[in-house]
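Enquirer: File name run-v9.tsv; file contents TSV, C-alpha atoms and all ligand atoms; full text below.
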chain	number	residue	atom	x	y	z
A	15	MET	CA	92.86	75.77	35.78
A	16	PRO	CA	93.40	78.01	38.78
A	17	GLU	CA	96.04	80.57	37.86
A	18	LEU	CA	98.35	82.43	40.20
A	19	PRO	CA	95.80	85.04	41.37
A	20	SER	CA	93.33	82.34	42.47
A	21	VAL	CA	96.05	80.46	44.34
A	22	GLU	CA	97.17	83.71	45.99
A	23	VAL	CA	93.60	84.46	47.10
A	24	ILE	CA	93.28	80.95	48.56
A	25	CYS	CA	96.66	81.36	50.25
A	26	ARG	CA	95.57	84.64	51.88
A	27	GLY	CA	92.32	82.96	52.96
A	28	LEU	CA	94.22	80.09	54.56
A	29	GLN	CA	96.63	82.51	56.25
A	30	GLN	CA	93.69	83.93	58.19
A	31	HIS	CA	92.60	80.54	59.51
A	32	LEU	CA	95.38	78.00	59.76
A	33	PRO	CA	98.45	79.36	61.60
A	34	GLY	CA	98.53	78.27	65.24
A	35	LEU	CA	96.27	75.25	64.75
A	36	ARG	CA	97.39	71.70	65.46
A	37	VAL	CA	96.69	68.81	63.09
A	38	LEU	CA	94.89	66.15	65.10
A	39	GLN	CA	94.22	63.60	62.40
A	40	ILE	CA	94.49	63.16	58.64
A	41	THR	CA	92.18	61.13	56.45
A	42	THR	CA	92.85	60.41	52.80
A	43	GLY	CA	90.68	58.96	50.04
A	44	SER	CA	91.56	55.85	48.07
A	45	LYS	CA	91.47	57.45	44.61
A	46	LYS	CA	94.77	58.25	42.94
A	47	LEU	CA	95.76	61.89	42.49
A	48	ARG	CA	98.45	63.07	40.04
A	49	LEU	CA	101.12	61.96	42.51
A	50	PRO	CA	100.68	59.18	45.08
A	51	MET	CA	99.44	60.33	48.49
A	52	PRO	CA	102.47	60.36	50.85
A	53	ARG	CA	100.63	58.57	53.67
A	54	LYS	CA	103.77	57.62	55.62
A	55	ASP	CA	105.17	61.17	55.59
A	56	LEU	CA	101.78	62.65	56.46
A	57	ALA	CA	101.64	60.44	59.54
A	58	ALA	CA	105.28	61.05	60.44
A	59	TYR	CA	105.59	64.81	59.92
A	60	ILE	CA	102.19	66.47	59.60
A	61	ARG	CA	99.93	64.64	62.04
A	62	GLY	CA	100.36	66.07	65.53
A	63	ALA	CA	102.32	69.11	64.33
A	64	ARG	CA	101.22	72.71	64.65
A	65	ILE	CA	100.80	74.95	61.60
A	66	LYS	CA	103.27	77.80	61.59
A	67	ALA	CA	102.69	79.56	58.27
A	68	VAL	CA	100.97	79.40	54.90
A	69	ASP	CA	102.76	80.62	51.76
A	70	ARG	CA	102.59	80.36	48.01
A	71	ARG	CA	105.42	79.60	45.59
A	72	ALA	CA	104.36	79.64	41.92
A	73	LYS	CA	101.06	77.73	42.08
A	74	PHE	CA	102.07	75.57	45.02
A	75	LEU	CA	100.52	76.21	48.43
A	76	LEU	CA	103.02	75.59	51.21
A	77	ILE	CA	101.81	74.91	54.74
A	78	THR	CA	104.81	75.00	57.08
A	79	MET	CA	104.63	73.11	60.37
A	80	ASP	CA	106.38	73.93	63.66
A	81	ASN	CA	108.71	70.94	63.11
A	82	GLY	CA	109.96	72.41	59.81
A	83	ALA	CA	108.03	69.99	57.57
A	84	GLN	CA	105.94	71.42	54.75
A	85	LEU	CA	102.71	70.24	53.27
A	86	ILE	CA	102.71	71.07	49.55
A	87	ILE	CA	99.35	71.34	47.81
A	88	HIS	CA	98.83	71.81	44.09
A	89	LEU	CA	95.30	72.35	42.81
A	90	GLY	CA	95.91	70.93	39.32
A	91	MET	CA	92.96	71.64	37.04
A	92	THR	CA	89.94	71.38	39.32
A	93	GLY	CA	91.33	71.23	42.86
A	94	ARG	CA	89.53	73.19	45.58
A	95	LEU	CA	90.30	73.86	49.21
A	96	GLY	CA	87.93	74.87	51.93
A	97	ILE	CA	87.64	74.99	55.70
A	98	PHE	CA	84.58	73.24	57.10
A	99	PRO	CA	83.16	72.26	60.50
A	100	LYS	CA	84.58	68.96	61.76
A	101	ASP	CA	81.29	67.07	61.43
A	102	CYS	CA	80.65	68.19	57.85
A	103	PRO	CA	79.73	65.07	55.81
A	104	LYS	CA	82.22	63.79	53.25
A	105	ALA	CA	81.42	65.01	49.74
A	106	LYS	CA	82.05	63.32	46.43
A	107	HIS	CA	85.61	64.02	45.18
A	108	ASP	CA	86.95	64.85	48.67
A	109	HIS	CA	90.43	63.32	48.75
A	110	PHE	CA	92.10	64.77	51.81
A	111	HIS	CA	90.93	65.94	55.24
A	112	LEU	CA	93.16	67.72	57.74
A	113	HIS	CA	91.35	67.63	61.08
A	114	LEU	CA	92.32	70.64	63.19
A	115	ASP	CA	92.16	71.33	66.92
A	116	ASN	CA	89.55	74.08	66.63
A	117	SER	CA	86.80	71.70	65.47
A	118	THR	CA	87.33	72.49	61.79
A	119	GLN	CA	88.90	70.60	58.93
A	120	LEU	CA	90.73	71.61	55.77
A	121	ILE	CA	89.33	69.66	52.83
A	122	PHE	CA	90.91	69.13	49.42
A	123	ASN	CA	88.34	68.31	46.74
A	124	ASP	CA	89.30	67.57	43.14
A	125	ILE	CA	87.00	66.21	40.45
A	126	ARG	CA	89.62	65.54	37.76
A	127	ARG	CA	92.43	64.61	40.20
A	128	PHE	CA	95.27	66.47	38.47
A	129	GLY	CA	96.06	68.10	41.80
A	130	PHE	CA	98.27	66.54	44.46
A	131	ILE	CA	99.41	66.62	48.07
A	132	GLN	CA	103.07	66.16	48.94
A	133	VAL	CA	105.13	66.37	52.10
A	134	HIS	CA	108.51	68.04	52.30
A	135	PRO	CA	110.25	66.48	55.34
A	136	PRO	CA	112.05	68.83	57.74
A	137	GLY	CA	115.66	69.70	56.99
A	138	LEU	CA	115.60	68.65	53.36
A	139	ASP	CA	116.90	71.12	50.80
A	140	PHE	CA	114.39	72.46	48.30
A	141	CYS	CA	116.80	71.77	45.45
A	142	HIS	CA	115.76	68.12	45.78
A	143	THR	CA	112.12	68.87	45.16
A	144	MET	CA	109.74	69.99	42.46
A	145	LEU	CA	110.22	73.53	43.73
A	146	ALA	CA	113.76	73.65	42.42
A	147	ASN	CA	114.50	75.39	39.11
A	148	LEU	CA	111.54	77.73	39.34
A	149	GLY	CA	112.03	81.26	38.05
A	150	PRO	CA	111.25	84.42	40.04
A	151	GLU	CA	107.83	85.32	41.41
A	152	PRO	CA	106.11	88.10	39.43
A	153	PHE	CA	106.01	90.23	42.61
A	154	GLY	CA	109.55	89.27	43.63
A	155	GLN	CA	112.58	91.57	43.56
A	156	ASP	CA	114.38	89.40	41.03
A	157	PHE	CA	111.65	89.73	38.38
A	158	THR	CA	113.28	92.62	36.55
A	159	PRO	CA	113.69	93.88	32.95
A	160	GLN	CA	117.37	92.85	33.23
A	161	HIS	CA	116.40	89.28	34.16
A	162	LEU	CA	113.98	89.04	31.23
A	163	GLN	CA	116.44	90.51	28.77
A	164	LYS	CA	119.12	88.08	29.91
A	165	MET	CA	116.79	85.07	29.60
A	166	ALA	CA	115.66	86.24	26.15
A	167	ALA	CA	119.11	86.93	24.71
A	168	GLY	CA	119.63	85.13	21.40
A	169	LYS	CA	116.26	83.35	21.63
A	170	ASN	CA	113.77	83.32	18.82
A	171	ARG	CA	110.77	82.22	20.90
A	172	PRO	CA	107.41	83.97	20.72
A	173	LEU	CA	106.86	86.35	23.62
A	174	LYS	CA	103.72	84.68	24.95
A	175	ASN	CA	105.31	81.20	25.21
A	176	PHE	CA	108.34	82.79	26.89
A	177	LEU	CA	106.17	84.45	29.56
A	178	MET	CA	104.44	81.14	30.27
A	179	ASP	CA	107.77	79.41	30.93
A	180	ASN	CA	108.21	78.75	34.67
A	181	ARG	CA	111.96	79.21	34.40
A	182	VAL	CA	111.42	82.79	33.18
A	183	VAL	CA	108.73	83.76	35.69
A	184	VAL	CA	106.39	81.52	37.65
A	185	GLY	CA	102.63	81.40	37.67
A	186	ILE	CA	101.71	83.15	34.42
A	187	GLY	CA	99.28	80.86	32.62
A	188	ASN	CA	97.44	81.18	29.35
A	189	ILE	CA	94.74	83.65	30.45
A	190	TYR	CA	97.06	86.10	32.17
A	191	ALA	CA	99.72	85.88	29.47
A	192	CYS	CA	97.09	87.16	27.00
A	193	GLU	CA	95.92	89.87	29.40
A	194	ILE	CA	99.43	91.03	30.33
A	195	LEU	CA	100.47	91.35	26.67
A	196	PHE	CA	97.34	93.34	25.88
A	197	HIS	CA	98.10	95.69	28.75
A	198	ALA	CA	101.72	96.02	27.60
A	199	GLY	CA	100.62	96.63	23.98
A	200	LEU	CA	102.85	93.84	22.67
A	201	ASN	CA	102.02	91.16	20.12
A	202	PRO	CA	102.09	87.60	21.56
A	203	ASN	CA	104.01	86.39	18.51
A	204	LYS	CA	106.83	88.92	18.85
A	205	ARG	CA	110.24	87.23	19.01
A	206	VAL	CA	111.79	87.71	22.45
A	207	CYS	CA	115.27	88.60	21.17
A	208	SER	CA	113.79	91.69	19.49
A	209	LEU	CA	112.37	93.33	22.62
A	210	THR	CA	113.94	96.50	23.98
A	211	LYS	CA	114.70	97.22	27.63
A	212	LYS	CA	111.76	99.62	27.65
A	213	GLN	CA	109.44	96.88	26.43
A	214	TRP	CA	110.70	94.45	29.09
A	215	THR	CA	110.08	97.15	31.69
A	216	GLU	CA	106.54	97.38	30.37
A	217	ILE	CA	106.16	93.58	30.67
A	218	VAL	CA	107.23	93.67	34.32
A	219	LYS	CA	104.87	96.55	35.10
A	220	SER	CA	101.94	95.03	33.21
A	221	SER	CA	102.44	91.62	34.82
A	222	ARG	CA	102.24	93.09	38.29
A	223	TYR	CA	99.32	95.37	37.43
A	224	VAL	CA	97.17	92.65	35.82
A	225	LEU	CA	97.90	90.01	38.47
A	226	GLU	CA	97.40	92.42	41.38
A	227	LYS	CA	94.07	93.54	39.95
A	228	ALA	CA	92.92	89.93	39.65
A	229	ILE	CA	94.03	89.17	43.21
A	230	LYS	CA	92.14	92.20	44.48
A	231	SER	CA	88.96	91.25	42.69
A	232	GLY	CA	89.22	87.79	44.25
A	233	GLY	CA	90.08	89.21	47.63
A	234	THR	CA	86.49	90.18	48.29
A	235	THR	CA	85.50	86.52	48.41
A	236	ILE	CA	87.87	85.68	51.26
A	237	SER	CA	85.08	86.19	53.80
A	238	ASP	CA	83.05	83.45	52.11
A	239	PHE	CA	85.98	81.13	52.25
A	240	VAL	CA	85.18	79.43	55.55
A	241	ASN	CA	81.61	78.44	55.00
A	242	GLU	CA	81.35	77.72	51.36
A	243	SER	CA	82.68	74.78	49.56
A	244	GLY	CA	85.92	75.97	47.93
A	245	LYS	CA	85.56	77.75	44.65
A	246	SER	CA	88.97	78.11	43.11
A	247	GLY	CA	87.87	79.91	39.99
A	248	TYR	CA	85.45	81.83	42.03
A	249	PHE	CA	85.79	85.38	40.99
A	250	GLN	CA	84.60	87.01	37.85
A	251	LEU	CA	87.56	88.27	35.94
A	252	GLU	CA	87.34	91.38	33.87
A	253	LEU	CA	89.14	90.07	30.84
A	254	GLN	CA	90.13	92.36	27.97
A	255	THR	CA	91.14	89.73	25.42
A	256	TYR	CA	90.77	86.18	26.70
A	257	GLY	CA	87.69	84.45	25.27
A	258	ARG	CA	86.64	87.63	23.42
A	259	GLN	CA	87.43	86.76	19.78
A	260	GLY	CA	85.48	88.91	17.32
A	261	LYS	CA	84.39	91.30	20.07
A	262	PRO	CA	85.58	94.92	20.01
A	263	CYS	CA	88.86	95.82	21.70
A	264	GLY	CA	88.20	98.00	24.76
A	265	CYS	CA	90.75	100.53	23.50
A	266	CYS	CA	90.26	100.81	19.74
A	267	ALA	CA	87.15	98.70	18.93
A	268	THR	CA	89.07	96.50	16.45
A	269	PRO	CA	87.78	92.91	16.73
A	270	ILE	CA	89.94	90.75	19.02
A	271	ASN	CA	91.86	88.05	17.10
A	272	LYS	CA	92.16	84.44	18.14
A	273	ILE	CA	95.11	82.30	17.08
A	274	THR	CA	96.70	79.12	18.42
A	275	MET	CA	100.21	79.26	19.86
A	276	GLY	CA	101.93	76.28	21.40
A	277	GLY	CA	98.59	74.47	21.27
A	278	ARG	CA	96.87	77.16	23.36
A	279	SER	CA	94.21	79.66	22.36
A	280	THR	CA	95.71	83.11	22.18
A	281	PHE	CA	93.73	86.34	22.03
A	282	PHE	CA	95.03	89.79	21.10
A	283	CYS	CA	94.11	93.11	19.48
A	284	PRO	CA	95.89	93.29	16.09
A	285	LYS	CA	95.91	97.09	16.26
A	286	CYS	CA	96.93	97.78	19.88
A	287	GLN	CA	99.48	94.97	20.17
A	288	LYS	CA	102.44	95.47	17.87
A	301	ZN	ZN	92.79	97.58	20.25
So, in terms of structure tokens, how does the structure I just supplied come out?

Expert:
Amino acid sequence: MPELPSVEVICRGLQQHLPGLRVLQITTGSKKLRLPMPRKDLAAYIRGARIKAVDRRAKFLLITMDNGAQLIIHLGMTGRLGIFPKDCPKAKHDHFHLHLDNSTQLIFNDIRRFGFIQVHPPGLDFCHTMLANLGPEPFGQDFTPQHLQKMAAGKNRPLKNFLMDNRVVVGIGNIYACEILFHAGLNPNKRVCSLTKKQWTEIVKSSRYVLEKAIKSGGTTISDFVNESGKSGYFQLELQTYGRQGKPCGCCATPINKITMGGRSTFFCPKCQK
């Protein structure tokens, strides 16, 4: 599943190409995505409008139009986005084509169809949408040790599950939760009520460090973005723990442990992460 860094890289790629372009036409496939295709709203608010900005919130891509409407794209498990010439033939698993006024088209391709496209009509408050109730962005000003400590107060949850909770902080999935906790030197099973302010500070710092590094390593592929069919998981991550059970820890050479937490594979160094 694309995690926050991949979505951020795609967002930055789209930011270089989309703003200023007008949507001439929209074509949609007949297959069902995770949510029904909002054909009426696409025709009413997106077709004919000009793209003003591209942003990311959690793992949602937000394309804002000059009329105030927003196109919301979620990549789900296998969703991919790419910009192609207008006459590029339709590929298998293409579900959505945004035809633009510079002879290109934005294509959404999704094999497993857990992704979706939604339209946020102009003037509607976000509190009515799926974007309500999301916690702070990891790079946002409100992601602070104080915020984490407050959210954790009196809770007996394991640290890793807590970090993967979108109400605590958005966009940290299974892979990066493992990597962030390794970097912070904290055990994934640690109970959140037991963490000190210093340890929360370390979580904030490690989250930003690990995510920024992943975004940077994906950033080099932005130049390929236009011509190649979208590759959402397209950069090689340098992972310290994830998928490395039994292999030596990069710090102390102790074999990396694998356990299951909340149904998800969890990797950590038993010596470095207390
Ligand atoms: Zn170690």

Enquirer: From the list A:His113, A:His197, A:Arg94, A:Lys211, which residue is nearest ligand ZN 301 (chain A) when using all atoms listed in the file?

Expert: A:His197

Enquirer: Give as a PyMOL selection string the residues surrounding ligand ZN 301 (chain A) up to a distance of 8 Å, considering all atoms listed in the file.

Expert: chain A and resi 262-270+283-287

Enquirer: Write out the residues from the selection above, keeping C-alpha atoms, as an mmCIF file, in the frame of the given file.

Expert:
data_model
loop_
_atom_site.group_PDB
_atom_site.id
_atom_site.type_symbol
_atom_site.label_atom_id
_atom_site.label_comp_id
_atom_site.auth_asym_id
_atom_site.auth_seq_id
_atom_site.Cartn_x
_atom_site.Cartn_y
_atom_site.Cartn_z
ATOM 1 C CA PRO A 262 85.580 94.920 20.010
ATOM 2 C CA CYS A 263 88.860 95.820 21.700
ATOM 3 C CA GLY A 264 88.200 98.000 24.760
ATOM 4 C CA CYS A 265 90.750 100.530 23.500
ATOM 5 C CA CYS A 266 90.260 100.810 19.740
ATOM 6 C CA ALA A 267 87.150 98.700 18.930
ATOM 7 C CA THR A 268 89.070 96.500 16.450
ATOM 8 C CA PRO A 269 87.780 92.910 16.730
ATOM 9 C CA ILE A 270 89.940 90.750 19.020
ATOM 10 C CA CYS A 283 94.110 93.110 19.480
ATOM 11 C CA PRO A 284 95.890 93.290 16.090
ATOM 12 C CA LYS A 285 95.910 97.090 16.260
ATOM 13 C CA CYS A 286 96.930 97.780 19.880
ATOM 14 C CA GLN A 287 99.480 94.970 20.170
#

Enquirer: Please list as a PDB file with C-alpha atoms, in the coordinates of the input every residue within 8 Å of segment 198-209 of chain A, counting all atoms listed in the file and excluding residues in the same chain fewer than 3 positions away.

Expert:
ATOM      1  CA  GLN A 163     116.440  90.510  28.770  1.00  0.00           C
ATOM      2  CA  ALA A 166     115.660  86.240  26.150  1.00  0.00           C
ATOM      3  CA  ALA A 167     119.110  86.930  24.710  1.00  0.00           C
ATOM      4  CA  GLY A 168     119.630  85.130  21.400  1.00  0.00           C
ATOM      5  CA  LYS A 169     116.260  83.350  21.630  1.00  0.00           C
ATOM      6  CA  ASN A 170     113.770  83.320  18.820  1.00  0.00           C
ATOM      7  CA  ARG A 171     110.770  82.220  20.900  1.00  0.00           C
ATOM      8  CA  PRO A 172     107.410  83.970  20.720  1.00  0.00           C
ATOM      9  CA  LEU A 173     106.860  86.350  23.620  1.00  0.00           C
ATOM     10  CA  LYS A 174     103.720  84.680  24.950  1.00  0.00           C
ATOM     11  CA  PHE A 176     108.340  82.790  26.890  1.00  0.00           C
ATOM     12  CA  CYS A 192      97.090  87.160  27.000  1.00  0.00           C
ATOM     13  CA  ILE A 194      99.430  91.030  30.330  1.00  0.00           C
ATOM     14  CA  LEU A 195     100.470  91.350  26.670  1.00  0.00           C
ATOM     15  CA  GLN A 213     109.440  96.880  26.430  1.00  0.00           C
ATOM     16  CA  TRP A 214     110.700  94.450  29.090  1.00  0.00           C
ATOM     17  CA  GLU A 216     106.540  97.380  30.370  1.00  0.00           C
ATOM     18  CA  ILE A 217     106.160  93.580  30.670  1.00  0.00           C
ATOM     19  CA  SER A 220     101.940  95.030  33.210  1.00  0.00           C
ATOM     20  CA  THR A 280      95.710  83.110  22.180  1.00  0.00           C
ATOM     21  CA  PHE A 282      95.030  89.790  21.100  1.00  0.00           C
ATOM     22  CA  PRO A 284      95.890  93.290  16.090  1.00  0.00           C
ATOM     23  CA  CYS A 286      96.930  97.780  19.880  1.00  0.00           C
ATOM     24  CA  GLN A 287      99.480  94.970  20.170  1.00  0.00           C
ATOM     25  CA  LYS A 288     102.440  95.470  17.870  1.00  0.00           C
TER      26      LYS A 288
END

Enquirer: Using only C-alpha atoms, list the residues that have an atom at most 12 Å from (91.0, 73.6, 58.5), coordinates as in the file, as a PyMOL selection string.

Expert: chain A and resi 27-40+64-65+77+95-100+102+110-122+239-241+244

Enquirer: Output C-alpha atoms for every residue in the selection just made, as a short mmCIF file (atom, residue, chain, number, x, y, z; two decimals), in the coordinates of the input.

Expert:
data_model
loop_
_atom_site.label_atom_id
_atom_site.label_comp_id
_atom_site.auth_asym_id
_atom_site.auth_seq_id
_atom_site.Cartn_x
_atom_site.Cartn_y
_atom_site.Cartn_z
CA GLY A 27 92.32 82.96 52.96
CA LEU A 28 94.22 80.09 54.56
CA GLN A 29 96.63 82.51 56.25
CA GLN A 30 93.69 83.93 58.19
CA HIS A 31 92.60 80.54 59.51
CA LEU A 32 95.38 78.00 59.76
CA PRO A 33 98.45 79.36 61.60
CA GLY A 34 98.53 78.27 65.24
CA LEU A 35 96.27 75.25 64.75
CA ARG A 36 97.39 71.70 65.46
CA VAL A 37 96.69 68.81 63.09
CA LEU A 38 94.89 66.15 65.10
CA GLN A 39 94.22 63.60 62.40
CA ILE A 40 94.49 63.16 58.64
CA ARG A 64 101.22 72.71 64.65
CA ILE A 65 100.80 74.95 61.60
CA ILE A 77 101.81 74.91 54.74
CA LEU A 95 90.30 73.86 49.21
CA GLY A 96 87.93 74.87 51.93
CA ILE A 97 87.64 74.99 55.70
CA PHE A 98 84.58 73.24 57.10
CA PRO A 99 83.16 72.26 60.50
CA LYS A 100 84.58 68.96 61.76
CA CYS A 102 80.65 68.19 57.85
CA PHE A 110 92.10 64.77 51.81
CA HIS A 111 90.93 65.94 55.24
CA LEU A 112 93.16 67.72 57.74
CA HIS A 113 91.35 67.63 61.08
CA LEU A 114 92.32 70.64 63.19
CA ASP A 115 92.16 71.33 66.92
CA ASN A 116 89.55 74.08 66.63
CA SER A 117 86.80 71.70 65.47
CA THR A 118 87.33 72.49 61.79
CA GLN A 119 88.90 70.60 58.93
CA LEU A 120 90.73 71.61 55.77
CA ILE A 121 89.33 69.66 52.83
CA PHE A 122 90.91 69.13 49.42
CA PHE A 239 85.98 81.13 52.25
CA VAL A 240 85.18 79.43 55.55
CA ASN A 241 81.61 78.44 55.00
CA GLY A 244 85.92 75.97 47.93
#

Enquirer: Could you tell me how far atom CA of Gly90 of chain A lies from atom CA of Val68 of chain A, in Å and to one decimal?

Expert: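 Atom CA of Gly90 of chain A sits 18.4 Å away from atom CA of Val68 of chain A.
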
Enquirer: Got a sec: who's within 8 Å of Phe128 of chain A, counting all atoms listed in the file, leaving out chain neighbours fewer than 5 positions off, as a list in words?

Expert: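 The residues that qualify are Leu47, Arg48, Leu89, Gly90, Met91, Thr92 and Gly93 of chain A.
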
Enquirer: Could you pull the residues within 12 Å of Arg53 of chain A, counting only C-alpha atoms, minus those fewer than 3 positions along the same chain, as a PyMOL selection string?

Expert: chain A and resi 39-44+49-50+56-61+85+110+131-133

Enquirer: Report the distance between atom CA of Ile229 of chain A and atom CA of Ser20 of chain A in Å, rounded to one decimal place.

Expert: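 About the pair atom CA of Ile229 of chain A and atom CA of Ser20 of chain A: they are 6.9 Å apart.
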
Enquirer: Go ahead and compute the interatomic distance for atom CA of Leu76 of chain A and atom CA of Arg26 of chain A, in Å to one decimal.

Expert: 11.7 Å

Enquirer: Which residue gives the smallest distance to His134 of chain A among A:Phe157, A:Pro103, A:Asp179, A:Ala83, with all atoms listed in the file counted?

Expert: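 Among A:Phe157, A:Pro103, A:Asp179, A:Ala83, it is A:Ala83 that comes nearest to His134 of chain A.
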
Enquirer: From the options A:Ser221, A:Lys46, A:Lys54, A:Ala146, which residue's atoms come nearest to Arg126 of chain A, counting only C-alpha atoms?

Expert: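 Nearest candidate to Arg126 of chain A out of A:Ser221, A:Lys46, A:Lys54, A:Ala146: A:Lys46.
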
Enquirer: Which residues are near Ala72 of chain A? Cut-off 8 Å, only C-alpha atoms, ignore same chain within fewer than 5 positions. Put them as an mmCIF file with C-alpha atoms, in the coordinates of the input.

Expert:
data_model
loop_
_atom_site.group_PDB
_atom_site.id
_atom_site.type_symbol
_atom_site.label_atom_id
_atom_site.label_comp_id
_atom_site.auth_asym_id
_atom_site.auth_seq_id
_atom_site.Cartn_x
_atom_site.Cartn_y
_atom_site.Cartn_z
ATOM 1 C CA LEU A 18 98.350 82.430 40.200
ATOM 2 C CA LEU A 148 111.540 77.730 39.340
ATOM 3 C CA GLU A 151 107.830 85.320 41.410
ATOM 4 C CA VAL A 184 106.390 81.520 37.650
ATOM 5 C CA GLY A 185 102.630 81.400 37.670
#

Enquirer: Considering only C-alpha atoms, return as a list in words whatever protein or nucleic-acid residues lie within 9 Å of Leu75 of chain A, sequence-local ones (same chain, fewer than 4 positions apart) excluded.

Expert: Val21, Glu22, Ile24, Cys25, Val68, Asp69, Arg70, Arg71, Leu85, Ile86, Ile87, His88 and Leu89 of chain A

Enquirer: For the residues in that selection, give me C-alpha atoms as a PDB file, keeping the file's coordinate frame.

Expert:
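Saved to again.pdb:
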ATOM      1  CA  VAL A  21      96.050  80.460  44.340  1.00  0.00           C
ATOM      2  CA  GLU A  22      97.170  83.710  45.990  1.00  0.00           C
ATOM      3  CA  ILE A  24      93.280  80.950  48.560  1.00  0.00           C
ATOM      4  CA  CYS A  25      96.660  81.360  50.250  1.00  0.00           C
ATOM      5  CA  VAL A  68     100.970  79.400  54.900  1.00  0.00           C
ATOM      6  CA  ASP A  69     102.760  80.620  51.760  1.00  0.00           C
ATOM      7  CA  ARG A  70     102.590  80.360  48.010  1.00  0.00           C
ATOM      8  CA  ARG A  71     105.420  79.600  45.590  1.00  0.00           C
ATOM      9  CA  LEU A  85     102.710  70.240  53.270  1.00  0.00           C
ATOM     10  CA  ILE A  86     102.710  71.070  49.550  1.00  0.00           C
ATOM     11  CA  ILE A  87      99.350  71.340  47.810  1.00  0.00           C
ATOM     12  CA  HIS A  88      98.830  71.810  44.090  1.00  0.00           C
ATOM     13  CA  LEU A  89      95.300  72.350  42.810  1.00  0.00           C
TER      14      LEU A  89
END

Enquirer: As AutoDock Vina command-line options, please: the centre and edge lengths in Å, to one decimal, of an axis-aligned box enclosing every listed atom of segment 146-157 of chain A with 4 Å added on each side.

Expert:
--center_x 110.3 --center_y 82.6 --center_z 40.8 --size_x 16.5 --size_y 25.9 --size_z 13.6

Enquirer: Of the candidates A:Glu17, A:Glu226, A:Asp108, A:Glu252, which shows the shortest atom-to-atom distance to Ala191 of chain A, using all atoms listed in the file?

Expert: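 The closest residue to Ala191 of chain A is A:Glu17.
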